[in-house]
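For reference, data10.pdb (PDB, C-alpha atoms):
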ATOM      1  CA  MET A  22      57.331 -40.216 -67.084
ATOM      2  CA  GLY A  23      54.306 -40.473 -64.774
ATOM      3  CA  ILE A  24      51.593 -37.846 -64.702
ATOM      4  CA  HIS A  25      52.727 -36.633 -61.273
ATOM      5  CA  SER A  26      56.445 -37.196 -61.724
ATOM      6  CA  ASP A  27      58.700 -34.230 -61.046
ATOM      7  CA  ASP A  28      59.880 -34.112 -64.664
ATOM      8  CA  HIS A  29      56.326 -34.077 -65.986
ATOM      9  CA  LEU A  30      55.302 -31.304 -63.572
ATOM     10  CA  ILE A  31      58.383 -29.230 -64.394
ATOM     11  CA  GLU A  32      57.652 -29.563 -68.097
ATOM     12  CA  LYS A  33      54.098 -28.321 -67.545
ATOM     13  CA  ILE A  34      55.320 -25.408 -65.431
ATOM     14  CA  ARG A  35      57.815 -24.423 -68.102
ATOM     15  CA  LYS A  36      55.041 -24.430 -70.682
ATOM     16  CA  GLY A  37      53.071 -21.919 -68.629
ATOM     17  CA  SER A  38      50.971 -23.981 -66.184
ATOM     18  CA  TRP A  39      52.883 -22.431 -63.344
ATOM     19  CA  ARG A  40      50.244 -23.224 -60.728
ATOM     20  CA  ASN A  41      51.429 -26.827 -60.864
ATOM     21  CA  TYR A  42      54.413 -25.613 -58.879
ATOM     22  CA  ALA A  43      52.221 -25.822 -55.766
ATOM     23  CA  VAL A  44      52.264 -29.621 -56.157
ATOM     24  CA  LEU A  45      56.063 -29.638 -56.010
ATOM     25  CA  ILE A  46      56.047 -27.344 -52.981
ATOM     26  CA  ASP A  47      53.610 -29.594 -51.138
ATOM     27  CA  LYS A  48      55.726 -32.610 -52.015
ATOM     28  CA  TYR A  49      59.031 -31.251 -50.756
ATOM     29  CA  ASN A  50      58.357 -28.505 -48.221
ATOM     30  CA  THR A  51      58.586 -30.762 -45.152
ATOM     31  CA  ARG A  52      61.960 -32.195 -46.182
ATOM     32  CA  VAL A  53      63.372 -28.795 -47.113
ATOM     33  CA  PHE A  54      62.015 -27.112 -43.981
ATOM     34  CA  ASN A  55      63.387 -29.794 -41.636
ATOM     35  CA  TYR A  56      66.775 -29.769 -43.310
ATOM     36  CA  VAL A  57      67.013 -25.982 -43.013
ATOM     37  CA  LEU A  58      65.740 -26.066 -39.419
ATOM     38  CA  PHE A  59      68.511 -28.444 -38.400
ATOM     39  CA  ILE A  60      71.106 -26.206 -40.022
ATOM     40  CA  VAL A  61      69.985 -22.752 -38.859
ATOM     41  CA  ARG A  62      68.247 -23.913 -35.623
ATOM     42  CA  ASN A  63      65.786 -21.036 -35.698
ATOM     43  CA  ARG A  64      62.209 -21.576 -36.733
ATOM     44  CA  GLU A  65      61.559 -18.122 -38.168
ATOM     45  CA  ASP A  66      64.739 -18.193 -40.224
ATOM     46  CA  ALA A  67      63.956 -21.706 -41.376
ATOM     47  CA  GLU A  68      60.499 -20.640 -42.577
ATOM     48  CA  GLU A  69      61.931 -17.677 -44.435
ATOM     49  CA  ILE A  70      64.727 -19.712 -46.001
ATOM     50  CA  THR A  71      62.307 -22.439 -47.069
ATOM     51  CA  GLN A  72      60.123 -19.865 -48.795
ATOM     52  CA  ASP A  73      63.126 -18.234 -50.432
ATOM     53  CA  THR A  74      64.344 -21.621 -51.597
ATOM     54  CA  PHE A  75      61.115 -22.375 -53.432
ATOM     55  CA  VAL A  76      60.900 -18.888 -54.941
ATOM     56  CA  LYS A  77      64.528 -19.071 -56.120
ATOM     57  CA  ALA A  78      63.972 -22.550 -57.515
ATOM     58  CA  PHE A  79      60.956 -21.325 -59.469
ATOM     59  CA  ARG A  80      62.877 -18.418 -60.941
ATOM     60  CA  SER A  81      65.745 -20.714 -61.923
ATOM     61  CA  LEU A  82      63.616 -23.556 -63.203
ATOM     62  CA  GLU A  83      64.814 -22.943 -66.765
ATOM     63  CA  GLN A  84      68.334 -23.739 -65.577
ATOM     64  CA  PHE A  85      67.348 -27.113 -64.130
ATOM     65  CA  LYS A  86      68.656 -29.570 -66.711
ATOM     66  CA  GLY A  87      67.533 -32.748 -65.007
ATOM     67  CA  GLU A  88      71.098 -33.939 -64.466
ATOM     68  CA  SER A  89      70.251 -34.622 -60.830
ATOM     69  CA  LYS A  90      66.962 -35.300 -59.074
ATOM     70  CA  PHE A  91      64.779 -32.220 -58.558
ATOM     71  CA  SER A  92      64.912 -32.807 -54.788
ATOM     72  CA  THR A  93      68.734 -32.779 -54.878
ATOM     73  CA  TRP A  94      68.751 -29.546 -56.868
ATOM     74  CA  LEU A  95      66.221 -28.029 -54.451
ATOM     75  CA  LEU A  96      68.279 -29.028 -51.407
ATOM     76  CA  ARG A  97      71.353 -27.488 -52.982
ATOM     77  CA  ILE A  98      69.498 -24.163 -53.216
ATOM     78  CA  ALA A  99      68.300 -24.568 -49.610
ATOM     79  CA  HIS A 100      71.838 -25.390 -48.505
ATOM     80  CA  ASN A 101      73.366 -22.330 -50.183
ATOM     81  CA  THR A 102      70.605 -20.037 -48.925
ATOM     82  CA  SER A 103      71.021 -21.342 -45.369
ATOM     83  CA  LEU A 104      74.767 -20.764 -45.423
ATOM     84  CA  THR A 105      74.287 -17.232 -46.755
ATOM     85  CA  VAL A 106      71.789 -16.429 -44.009
ATOM     86  CA  MET A 107      74.030 -17.945 -41.342
ATOM     87  CA  ARG A 108      76.991 -15.875 -42.488
ATOM     88  CA  LYS A 109      74.937 -12.691 -42.226
ATOM     89  CA  SER A 110      73.074 -13.375 -39.004
ATOM     90  CA  ARG A 111      74.120 -13.368 -35.381
ATOM     91  CA  PRO A 112      74.769 -16.652 -33.486
ATOM     92  CA  VAL A 113      71.614 -18.689 -33.544
ATOM     93  CA  LYS A 114      69.599 -19.864 -30.612
ATOM     94  CA  VAL A 115      67.210 -22.759 -30.347
ATOM     95  CA  GLU A 116      63.605 -21.711 -30.813
ATOM     96  CA  LEU A 117      61.611 -24.844 -31.207
ATOM     97  CA  ALA A 118      57.902 -24.589 -30.565
ATOM     98  CA  GLU A 119      57.294 -27.906 -28.920
ATOM     99  CA  SER A 120      53.554 -27.710 -29.385
ATOM    100  CA  GLU A 121      54.123 -27.729 -33.131
ATOM    101  CA  LEU A 122      56.311 -30.765 -33.097
ATOM    102  CA  LYS A 123      54.681 -33.742 -34.621
ATOM    103  CA  SER A 124      55.874 -37.099 -35.729
ATOM    104  CA  LEU A 125      55.339 -37.877 -39.378
ATOM    105  CA  ASN A 126      56.774 -41.333 -39.275
ATOM    106  CA  GLY A 127      55.508 -43.945 -36.895
ATOM    107  CA  ASN A 128      58.492 -46.107 -36.049
ATOM    108  CA  GLU A 129      57.321 -47.342 -32.673
ATOM    109  CA  GLN A 130      60.131 -49.597 -31.465
ATOM    110  CA  VAL A 131      63.445 -47.889 -31.318
ATOM    111  CA  ILE A 132      63.013 -44.783 -29.276
ATOM    112  CA  ALA A 133      59.911 -45.776 -27.424
ATOM    113  CA  GLY A 134      61.094 -44.294 -24.165
ATOM    114  CA  LEU A 135      61.262 -40.758 -25.428
ATOM    115  CA  GLU A 136      58.374 -38.426 -26.127
ATOM    116  CA  GLN A 137      58.307 -36.885 -29.588
ATOM    117  CA  SER A 138      58.860 -33.299 -28.517
ATOM    118  CA  HIS A 139      61.619 -34.340 -26.141
ATOM    119  CA  LEU A 140      63.153 -36.379 -28.916
ATOM    120  CA  ARG A 141      63.419 -33.369 -31.155
ATOM    121  CA  SER A 142      64.867 -31.219 -28.391
ATOM    122  CA  VAL A 143      67.512 -33.822 -27.542
ATOM    123  CA  LEU A 144      68.489 -34.289 -31.159
ATOM    124  CA  ASP A 145      68.553 -30.563 -31.764
ATOM    125  CA  GLU A 146      70.762 -29.988 -28.751
ATOM    126  CA  ALA A 147      73.144 -32.704 -29.874
ATOM    127  CA  MET A 148      73.181 -31.344 -33.428
ATOM    128  CA  GLY A 149      73.964 -27.905 -32.029
ATOM    129  CA  LYS A 150      77.305 -29.263 -30.893
ATOM    130  CA  LEU A 151      78.300 -30.268 -34.418
ATOM    131  CA  LYS A 152      79.979 -27.957 -36.911
ATOM    132  CA  THR A 153      77.887 -26.680 -39.822
ATOM    133  CA  ALA A 154      79.512 -29.054 -42.332
ATOM    134  CA  GLU A 155      78.954 -31.992 -39.976
ATOM    135  CA  LYS A 156      75.321 -31.049 -39.374
ATOM    136  CA  THR A 157      74.820 -30.722 -43.101
ATOM    137  CA  VAL A 158      76.030 -34.179 -44.084
ATOM    138  CA  VAL A 159      74.360 -35.925 -41.139
ATOM    139  CA  THR A 160      71.018 -34.240 -41.816
ATOM    140  CA  LEU A 161      71.135 -34.906 -45.528
ATOM    141  CA  PHE A 162      72.039 -38.546 -44.940
ATOM    142  CA  TYR A 163      69.649 -39.480 -42.142
ATOM    143  CA  LEU A 164      66.810 -37.014 -42.531
ATOM    144  CA  ASN A 165      66.698 -36.503 -46.283
ATOM    145  CA  GLU A 166      68.013 -39.965 -47.035
ATOM    146  CA  CYS A 167      70.423 -38.667 -49.650
ATOM    147  CA  SER A 168      73.192 -40.868 -51.019
ATOM    148  CA  VAL A 169      76.842 -39.878 -50.667
ATOM    149  CA  GLN A 170      76.804 -38.825 -54.321
ATOM    150  CA  GLU A 171      73.767 -36.618 -53.792
ATOM    151  CA  ILE A 172      75.309 -35.043 -50.683
ATOM    152  CA  ALA A 173      78.392 -34.277 -52.771
ATOM    153  CA  GLN A 174      76.212 -32.571 -55.386
ATOM    154  CA  ILE A 175      74.352 -30.544 -52.782
ATOM    155  CA  THR A 176      77.348 -29.409 -50.755
ATOM    156  CA  GLY A 177      79.881 -29.153 -53.569
ATOM    157  CA  LEU A 178      82.281 -31.434 -51.675
ATOM    158  CA  GLY A 179      84.005 -34.431 -53.186
ATOM    159  CA  ALA A 180      82.414 -37.851 -52.604
ATOM    160  CA  SER A 181      85.426 -39.098 -50.630
ATOM    161  CA  ASN A 182      85.326 -35.980 -48.448
ATOM    162  CA  VAL A 183      81.653 -36.569 -47.792
ATOM    163  CA  LYS A 184      82.332 -40.162 -46.724
ATOM    164  CA  VAL A 185      85.036 -39.103 -44.289
ATOM    165  CA  LEU A 186      82.974 -36.222 -42.933
ATOM    166  CA  LEU A 187      79.909 -38.422 -42.588
ATOM    167  CA  HIS A 188      81.826 -41.107 -40.714
ATOM    168  CA  ARG A 189      83.351 -38.567 -38.323
ATOM    169  CA  SER A 190      80.075 -36.677 -37.767
ATOM    170  CA  ARG A 191      78.149 -39.855 -37.119
ATOM    171  CA  LYS A 192      80.617 -40.985 -34.456
ATOM    172  CA  LYS A 193      80.605 -37.533 -32.885
ATOM    173  CA  LEU A 194      76.804 -37.349 -32.818
ATOM    174  CA  LEU A 195      76.498 -40.798 -31.227
ATOM    175  CA  SER A 196      79.065 -39.847 -28.640
ATOM    176  CA  ILE A 197      77.227 -36.619 -27.777
ATOM    177  CA  LEU A 198      73.931 -38.473 -27.494
ATOM    178  CA  GLN A 199      75.498 -41.029 -25.166
ATOM    179  CA  LYS A 200      76.852 -38.264 -22.962
ATOM    180  CA  MET A 201      73.382 -36.768 -22.848
ATOM    181  CA  GLY A 202      72.143 -39.995 -21.372
ATOM    182  CA  ILE A 203      70.549 -41.426 -24.467
ATOM    183  CA  GLU A 204      72.226 -44.754 -24.056
ATOM    184  CA  GLU A 205      69.442 -47.236 -24.197
ATOM    185  CA  TRP A 206      69.434 -47.169 -27.954
ATOM    186  CA  THR A 207      72.977 -46.161 -28.804
ATOM    187  CA  ASN A 208      74.424 -49.265 -27.165
TER     188      ASN A 208
ATOM    189  CA  MET B   2      78.636 -45.896 -45.524
ATOM    190  CA  ASP B   3      76.301 -45.198 -48.372
ATOM    191  CA  LYS B   4      73.815 -47.752 -47.109
ATOM    192  CA  LEU B   5      72.326 -48.024 -43.668
ATOM    193  CA  GLY B   6      73.998 -51.262 -42.739
ATOM    194  CA  ASN B   7      74.684 -51.266 -39.045
ATOM    195  CA  ASN B   8      72.557 -50.778 -35.984
ATOM    196  CA  ASP B   9      73.759 -47.278 -35.182
ATOM    197  CA  ASP B  10      72.926 -46.035 -38.637
ATOM    198  CA  ARG B  11      69.454 -47.512 -38.465
ATOM    199  CA  LEU B  12      68.868 -45.978 -35.061
ATOM    200  CA  LEU B  13      70.098 -42.579 -36.109
ATOM    201  CA  LYS B  14      67.849 -42.705 -39.112
ATOM    202  CA  ASP B  15      64.894 -43.577 -36.885
ATOM    203  CA  LEU B  16      65.738 -40.735 -34.553
ATOM    204  CA  PHE B  17      65.857 -38.216 -37.402
ATOM    205  CA  GLN B  18      62.744 -39.519 -39.071
ATOM    206  CA  GLN B  19      60.732 -39.509 -35.839
ATOM    207  CA  SER B  20      61.784 -35.998 -35.007
ATOM    208  CA  LEU B  21      60.510 -34.605 -38.313
ATOM    209  CA  THR B  22      58.644 -31.371 -37.723
ATOM    210  CA  THR B  23      55.693 -30.329 -39.824
ATOM    211  CA  SER B  24      56.434 -27.459 -42.142
ATOM    212  CA  PRO B  25      54.618 -24.203 -41.352
ATOM    213  CA  PRO B  26      50.970 -24.193 -42.433
ATOM    214  CA  GLY B  27      50.244 -22.144 -45.537
ATOM    215  CA  LEU B  28      53.834 -22.261 -46.772
ATOM    216  CA  SER B  29      52.750 -23.381 -50.208
ATOM    217  CA  GLU B  30      50.162 -20.582 -50.502
ATOM    218  CA  GLU B  31      52.683 -18.009 -49.310
ATOM    219  CA  VAL B  32      55.260 -19.085 -51.880
ATOM    220  CA  MET B  33      52.705 -19.080 -54.692
ATOM    221  CA  LYS B  34      51.559 -15.604 -53.618
ATOM    222  CA  ARG B  35      55.122 -14.324 -53.729
ATOM    223  CA  ILE B  36      55.661 -15.819 -57.173
ATOM    224  CA  GLU B  37      52.434 -14.308 -58.461
ATOM    225  CA  GLU B  38      53.166 -10.857 -57.010
ATOM    226  CA  ASN B  39      56.572 -10.976 -58.608
ATOM    227  CA  SER B  40      55.202 -11.951 -61.969
ATOM    228  CA  LYS B  41      52.662  -9.115 -62.043
ATOM    229  CA  VAL B  42      55.464  -6.626 -62.423
ATOM    230  CA  PHE B  43      56.479  -8.205 -65.695
ATOM    231  CA  ARG B  44      53.175  -9.504 -66.926
ATOM    232  CA  TYR B  45      52.108  -6.526 -69.023
ATOM    233  CA  GLU B  46      54.027  -4.029 -71.029
ATOM    234  CA  PRO B  47      52.738  -1.255 -73.301
ATOM    235  CA  ILE B  48      52.587  -1.967 -77.021
ATOM    236  CA  ILE B  49      54.234   1.378 -77.722
ATOM    237  CA  LYS B  50      57.554   1.507 -75.933
ATOM    238  CA  PRO B  51      58.032   4.506 -73.651
ATOM    239  CA  TRP B  52      60.991   5.766 -75.677
ATOM    240  CA  ILE B  53      58.826   5.894 -78.830
ATOM    241  CA  TRP B  54      56.150   7.810 -76.980
ATOM    242  CA  TRP B  55      58.582  10.302 -75.481
ATOM    243  CA  SER B  56      60.386  10.772 -78.796
ATOM    244  CA  THR B  57      57.142  11.431 -80.617
ATOM    245  CA  SER B  58      55.948  13.826 -77.957
ATOM    246  CA  GLY B  59      59.307  15.590 -77.895
ATOM    247  CA  LEU B  60      59.324  15.977 -81.655
ATOM    248  CA  PHE B  61      55.772  17.286 -81.581
ATOM    249  CA  ALA B  62      56.642  19.807 -78.888
ATOM    250  CA  ALA B  63      59.730  20.959 -80.803
ATOM    251  CA  ILE B  64      57.755  21.462 -84.008
ATOM    252  CA  MET B  65      55.026  23.335 -82.145
ATOM    253  CA  VAL B  66      57.591  25.676 -80.614
ATOM    254  CA  TYR B  67      59.175  26.202 -84.002
ATOM    255  CA  LEU B  68      55.781  26.864 -85.526
ATOM    256  CA  PHE B  69      54.841  29.486 -82.973
ATOM    257  CA  VAL B  70      58.197  31.136 -83.310
ATOM    258  CA  GLN B  71      57.569  31.387 -87.036
ATOM    259  CA  LEU B  72      54.020  32.675 -86.513
ATOM    260  CA  GLU B  73      55.248  35.323 -84.135
ATOM    261  CA  GLY B  74      57.730  36.571 -86.714
ATOM    262  CA  GLY B  75      60.824  34.926 -85.335
ATOM    263  CA  SER B  76      60.376  35.608 -81.629
ATOM    264  CA  PHE B  77      58.810  33.580 -78.824
ATOM    265  CA  SER B  78      55.311  34.455 -77.713
ATOM    266  CA  LEU B  79      54.872  35.097 -74.002
ATOM    267  CA  PHE B  80      51.779  32.924 -74.014
ATOM    268  CA  PRO B  81      52.532  29.879 -76.175
ATOM    269  CA  ALA B  82      49.864  27.803 -74.454
ATOM    270  CA  TYR B  83      47.205  30.305 -75.396
ATOM    271  CA  GLU B  84      48.527  30.449 -78.929
ATOM    272  CA  MET B  85      48.530  26.690 -79.158
ATOM    273  CA  ILE B  86      44.934  26.375 -78.000
ATOM    274  CA  ASP B  87      43.891  29.099 -80.358
ATOM    275  CA  PHE B  88      45.680  27.392 -83.227
ATOM    276  CA  VAL B  89      44.295  23.938 -82.535
ATOM    277  CA  VAL B  90      40.745  25.039 -81.827
ATOM    278  CA  THR B  91      40.322  27.509 -84.659
ATOM    279  CA  ASP B  92      42.744  26.940 -87.493
ATOM    280  CA  GLY B  93      43.455  23.314 -86.723
ATOM    281  CA  ALA B  94      39.786  22.434 -86.368
ATOM    282  CA  ALA B  95      38.982  24.353 -89.534
ATOM    283  CA  TRP B  96      41.630  22.426 -91.421
ATOM    284  CA  PHE B  97      40.464  19.124 -90.033
ATOM    285  CA  LEU B  98      36.872  19.906 -91.032
ATOM    286  CA  SER B  99      38.023  20.854 -94.480
ATOM    287  CA  LEU B 100      39.841  17.561 -94.724
ATOM    288  CA  ILE B 101      36.846  15.418 -93.863
ATOM    289  CA  THR B 102      34.241  17.524 -95.667
ATOM    290  CA  GLY B 103      36.332  18.043 -98.798
ATOM    291  CA  ILE B 104      35.967  21.847 -98.711
ATOM    292  CA  ARG B 105      39.361  23.243 -99.581
ATOM    293  CA  LEU B 106      40.722  26.136 -97.619
ATOM    294  CA  PRO B 107      43.513  27.501 -99.836
ATOM    295  CA  GLU B 108      44.817  29.968 -97.292
ATOM    296  CA  LEU B 109      45.845  27.120 -94.955
ATOM    297  CA  PRO B 110      49.660  27.069 -94.706
ATOM    298  CA  GLY B 111      51.547  23.773 -95.249
ATOM    299  CA  LEU B 112      52.958  23.847 -91.749
ATOM    300  CA  TYR B 113      49.471  23.571 -90.314
ATOM    301  CA  VAL B 114      48.938  20.319 -92.187
ATOM    302  CA  ILE B 115      52.177  18.818 -90.933
ATOM    303  CA  THR B 116      51.429  19.942 -87.392
ATOM    304  CA  MET B 117      47.967  18.448 -87.452
ATOM    305  CA  ILE B 118      49.288  15.107 -88.718
ATOM    306  CA  ILE B 119      51.821  15.044 -85.905
ATOM    307  CA  PHE B 120      49.128  16.019 -83.457
ATOM    308  CA  ILE B 121      46.864  13.162 -84.537
ATOM    309  CA  VAL B 122      49.683  10.607 -84.559
ATOM    310  CA  SER B 123      50.743  11.701 -81.083
ATOM    311  CA  GLY B 124      47.172  11.432 -79.854
ATOM    312  CA  PHE B 125      46.877   7.897 -81.166
ATOM    313  CA  SER B 126      50.211   6.863 -79.713
ATOM    314  CA  LEU B 127      49.128   8.245 -76.367
ATOM    315  CA  MET B 128      45.887   6.288 -76.512
ATOM    316  CA  PHE B 129      47.697   3.075 -77.389
ATOM    317  CA  SER B 130      50.412   3.439 -74.812
ATOM    318  CA  LEU B 131      47.967   4.180 -72.024
ATOM    319  CA  GLY B 132      45.065   2.024 -73.006
ATOM    320  CA  ARG B 133      46.523  -1.106 -74.536
ATOM    321  CA  SER B 134      48.922  -3.693 -73.263
ATOM    322  CA  GLN B 135      50.146  -7.096 -74.294
ATOM    323  CA  LYS B 136      50.773 -10.183 -72.229
ATOM    324  CA  VAL B 137      54.360 -11.236 -71.828
ATOM    325  CA  SER B 138      56.058 -14.124 -70.020
ATOM    326  CA  PHE B 139      55.194 -14.470 -66.340
ATOM    327  CA  ARG B 140      58.834 -14.985 -65.435
TER     328      ARG B 140
END
Take the structure from the file and write it as structure tokens.
Amino acid sequence: MGIHSDDHLIEKIRKGSWRNYAVLIDKYNTRVFNYVLFIVRNREDAEEITQDTFVKAFRSLEQFKGESKFSTWLLRIAHNTSLTVMRKSRPVKVELAESELKSLNGNEQVIAGLEQSHLRSVLDEAMGKLKTAEKTVVTLFYLNECSVQEIAQITGLGASNVKVLLHRSRKKLLSILQKMGIEEWTN
Amino acid sequence: MDKLGNNDDRLLKDLFQQSLTTSPPGLSEEVMKRIEENSKVFRYEPIIKPWIWWSTSGLFAAIMVYLFVQLEGGSFSLFPAYEMIDFVVTDGAAWFLSLITGIRLPELPGLYVITMIIFIVSGFSLMFSLGRSQKVSFR
């Protein structure tokens, strides 16, 4: 167990060094925020849900048994919180502040023709045409790089269901992107 | 499906990864502030539980009322507060002085002694409950 491993940090937090929780927040906030943003498609809601997720996780830290990765457990909380908010709120609209968009990963080849902010807008528009369950599995798989097993743990679906849903959502997303004119890289 | 094997999967992954948005600045600080504010509510609790304090005070008040009823010959005084102050300041103080100086005042009734003990205990419990606290779990 490394000095900065999740398990080590959680152990320290449980023993009273609760300020170490900031390290875990810094480590996972981008992944959680982006996942939630793809699901709820509203920046303000996504910020609020991300905060709530970390606060809830802190309060429930005693219940984390280490049976899954901490990130999986955290995403499960984010997933449930997002669904609760979506059930309560009105239909969502896209509110992406393009000036705040920033690439964190410099893969220069594949989508070279598209600007970063445009890229996000296109993807967000395409994702908006998917159902919530489809958005969830696609985002967890491609954005959060979760395995099928982890997606099953987060969503509460069976692994075989996840596979089917993932296959269908992926085809649907590619088809939508092609119709939007993003063909140079989907072919 | 579990692994990114084909071209489409790799491209979709690239698209998602490149469209990552930065999380809002100060999110970590905001969360930590919320956790800390939450924990303050539970961080301290009085050594003497409120129910002990209220029970003691209630008992004291009941005995005082009983005492004044007895002193007034079985009926309530119209000015119990005045009577109480008079009792504490004169007779009570005289008894307390006799206790610490060792000068015995034989005319002091037994009820006065009991009342003064209750009075002192209540005073201490008040001081403890208001002035002292103990640290408890932050969660």
Resolved residues for the PyMOL selection byres ((chain B and resi 5-17) around 6) as number ranges by chain: A: 163-164; B: 4, 18-20
Distance of CA of Ser89 in chain A from CA of Thr105 in chain A, expressed in Å to one decimal place: 22.7 Å
Atomic distance CA of Val32 in chain B - CA of Ile46 in chain A, expressed in Å with one decimal: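 Separation of CA of Val32 in chain B and CA of Ile46 in chain A: 8.4 Å.
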Best match for closeness to Leu161 in chain A among A:Arg80, A:Ser26, A:Tyr56, A:Leu140, counting only C-alpha atoms: A:Tyr56
Length of the CA of Lys200 in chain A to CA of Lys152 in chain A vector [Å]: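 It comes out at 17.6 Å.
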Build an axis-aligned box that encloses every atom of range 57-63 of chain B listed in the file, pad it by 8 Å on each side, and report its centre and edge lengths in Å to one decimal, as lines of an AutoDock Vina configuration file.
center_x = 57.8
center_y = 16.2
center_z = -79.8
size_x = 20.0
size_y = 25.5
size_z = 19.8
Please provide as a PDB file with C-alpha atoms, in the frame of the given file all residues within 10 Å of Ser92 in chain A, with the sequence filter that same-chain residues fewer than 6 positions apart are discarded (counting all atoms listed in the file).
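Result saved to selection-v2.pdb:
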ATOM      1  CA  ASP A  27      58.700 -34.230 -61.046  1.00  0.00           C
ATOM      2  CA  LEU A  45      56.063 -29.638 -56.010  1.00  0.00           C
ATOM      3  CA  LYS A  48      55.726 -32.610 -52.015  1.00  0.00           C
ATOM      4  CA  TYR A  49      59.031 -31.251 -50.756  1.00  0.00           C
ATOM      5  CA  ARG A  52      61.960 -32.195 -46.182  1.00  0.00           C
ATOM      6  CA  VAL A  53      63.372 -28.795 -47.113  1.00  0.00           C
ATOM      7  CA  ILE A  98      69.498 -24.163 -53.216  1.00  0.00           C
ATOM      8  CA  ASN A 165      66.698 -36.503 -46.283  1.00  0.00           C
ATOM      9  CA  CYS A 167      70.423 -38.667 -49.650  1.00  0.00           C
ATOM     10  CA  GLU A 171      73.767 -36.618 -53.792  1.00  0.00           C
ATOM     11  CA  ILE A 175      74.352 -30.544 -52.782  1.00  0.00           C
TER      12      ILE A 175
END
Counting all atoms listed in the file, the residue of A:Ser38, A:Thr51, A:Asn63, A:Asn182 that sits nearest chain B: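 Looking only at the distances to chain B, the closest residue turns out to be A:Thr51.
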Residues matched by the PyMOL selection byres ((chain B and resi 30) around 12) as a list in words: Arg40, Tyr42, Ala43, Val44, Ile46, Asp47, Asn50, Gln72, Phe75 and Val76 of chain A; Pro25, Pro26, Gly27, Leu28, Ser29, Glu31, Val32, Met33, Lys34, Arg35, Ile36 and Glu37 of chain B
Nearby residues (only C-alpha atoms) at most 9 Å from Leu186 in chain A, same-chain spacing under 6 positions excluded, as a list in words: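 Residues near the query, excluding close chain neighbours: Ala154, Glu155, Val158 and Val159 of chain A.
Counting all atoms listed in the file and comparing A:Arg108, A:Arg62, A:His100, A:Lys184, the residue that lies closest to Ala147 in chain A is A:Arg62.
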Target residues per the PyMOL selection byres ((chain A and resi 31) around 12), formatted as a PyMOL selection string: chain A and resi 22-30+32-46+78-79+81-87+90-91
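Here the question is which of B:Ile64, B:Ser58, B:Leu21, B:Trp52 gets nearest to Ser123 in chain B using only C-alpha atoms, and that residue is B:Ser58.
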